[in-house]
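J.: Structure provided below as structure tokens; questions to follow.
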Amino acid sequence: MRLHAGAPEFDRNYSAAKPIALPKVVPPLIVIGSSAGGPRTLAAILGGLPAKFSGVITIVQHVNQEFSVSLAEWLGTQTPLNVRIAINGESPRAGNVYVAGTNDHLILTNNLTFTYTSEPQDMPYRPSVDVFFKSVARHWPEKGHAILLTGMGRDGAEGLAVLRRAGWHTIAQDESTSVVYGMPKAAKEIGAAVEILPTEQNLATILKKIKLF
């Protein structure tokens, strides 16, 4: 497992970035949002993926910046995949798992690169799953898969709904396997999830649909 341990840099003027030539083919993308109870659930999902998995996974977990590197390191011991902190200006690449790394919001830009932004300021959770999911819906050129896991509050539910309307396959964790049934419950209430599944079925469903190894 290789990890960029340095603190990620971020550009608050990301919207002014000059357009670049976008790749003609992008890897299948899986985005995951989680909060309380999330780390062990993430480990269970990632632990079932083989090293030759050819998709790309990006995770927004509610965790302070000082703990984000430790989270990525620990997740890297639970899976054969390469787990790393998402770095400003980096493009998501197949076979990698990226973890949001600052107290600002991770977003995907129109150049299909990661960056961090302090806006919106009024979000109660930082980094915000909603902010990331909405940026992905706006910029990622292919339909992918989005999962909203255990956590307190409603962060991620609205973003999951945006992704569903954009044609993504969306999953919310069920109540029986959620440590805190807040975020996935909110997603269920607004019809954001195509499927409501227990943790152990999230992975099986993704692998069946994506067929990446």
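Residue numbers start at 1 in each chain; chains themselves are named A, B, ... in the order of the structure tokens; ligands are numbered from 1 in the order shown.
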Applying 7 Å and only C-alpha atoms, which residues near region 34-49 of chain A remain after dropping the ones on its own chain fewer than 5 positions away? List them as a list in words.
T.: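 In the requested format, the answer is Val60, Gln61, His62, Leu75, Gln78, Thr79, Leu148, Leu149, Thr150, Gly151, Met152, Val179, Val180, Thr199 and Leu203 of chain A.
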J.: Gly167 (chain A): which residues within 12 Å, counting only C-alpha atoms, same-chain residues fewer than 6 positions away excluded, as number ranges by chain?
T.: A: 137-138, 140-146, 160-161, 192-194
J.: Quote the spacing between CA of Glu200 (chain A) and CA of Glu175 (chain A) in Å to one decimal place.
T.: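 Atom-to-atom, CA of Glu200 (chain A) to CA of Glu175 (chain A), that is 12.9 Å.
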J.: How would you write, as a list in words, the set of residues in region 66-164 of chain A that DSSP gives as strand (DSSP E)?
T.: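 Going through region 66-164 of chain A, the strand (DSSP E) residues come out as Asn82, Val83, Arg84, Ile85, Asn96, Val97, Tyr98, Val99, His105, Leu106, Ile107, Leu108, Phe114, Thr115, Tyr116, Thr117, His145, Ala146, Ile147 and Leu148 of chain A.
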J.: Which of these residues is nearest to Tyr181 (chain A), using only C-alpha atoms: A:Arg154, A:Gly159, A:Pro92, A:Thr205?
T.: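 Nearest to Tyr181 (chain A): A:Arg154.
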J.: For a quick check of understanding, using only C-alpha atoms, which of A:Ile87, A:Val25, A:Leu108, A:Val63 has the smallest distance to Pro127 (chain A)?
T.: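 Once distances to Pro127 (chain A) are computed over only C-alpha atoms, the minimum belongs to A:Val63.
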J.: Could you tell me how far CA of Gly191 (chain A) lies from CA of Arg164 (chain A), in Å and to one decimal?
T.: 9.1 Å
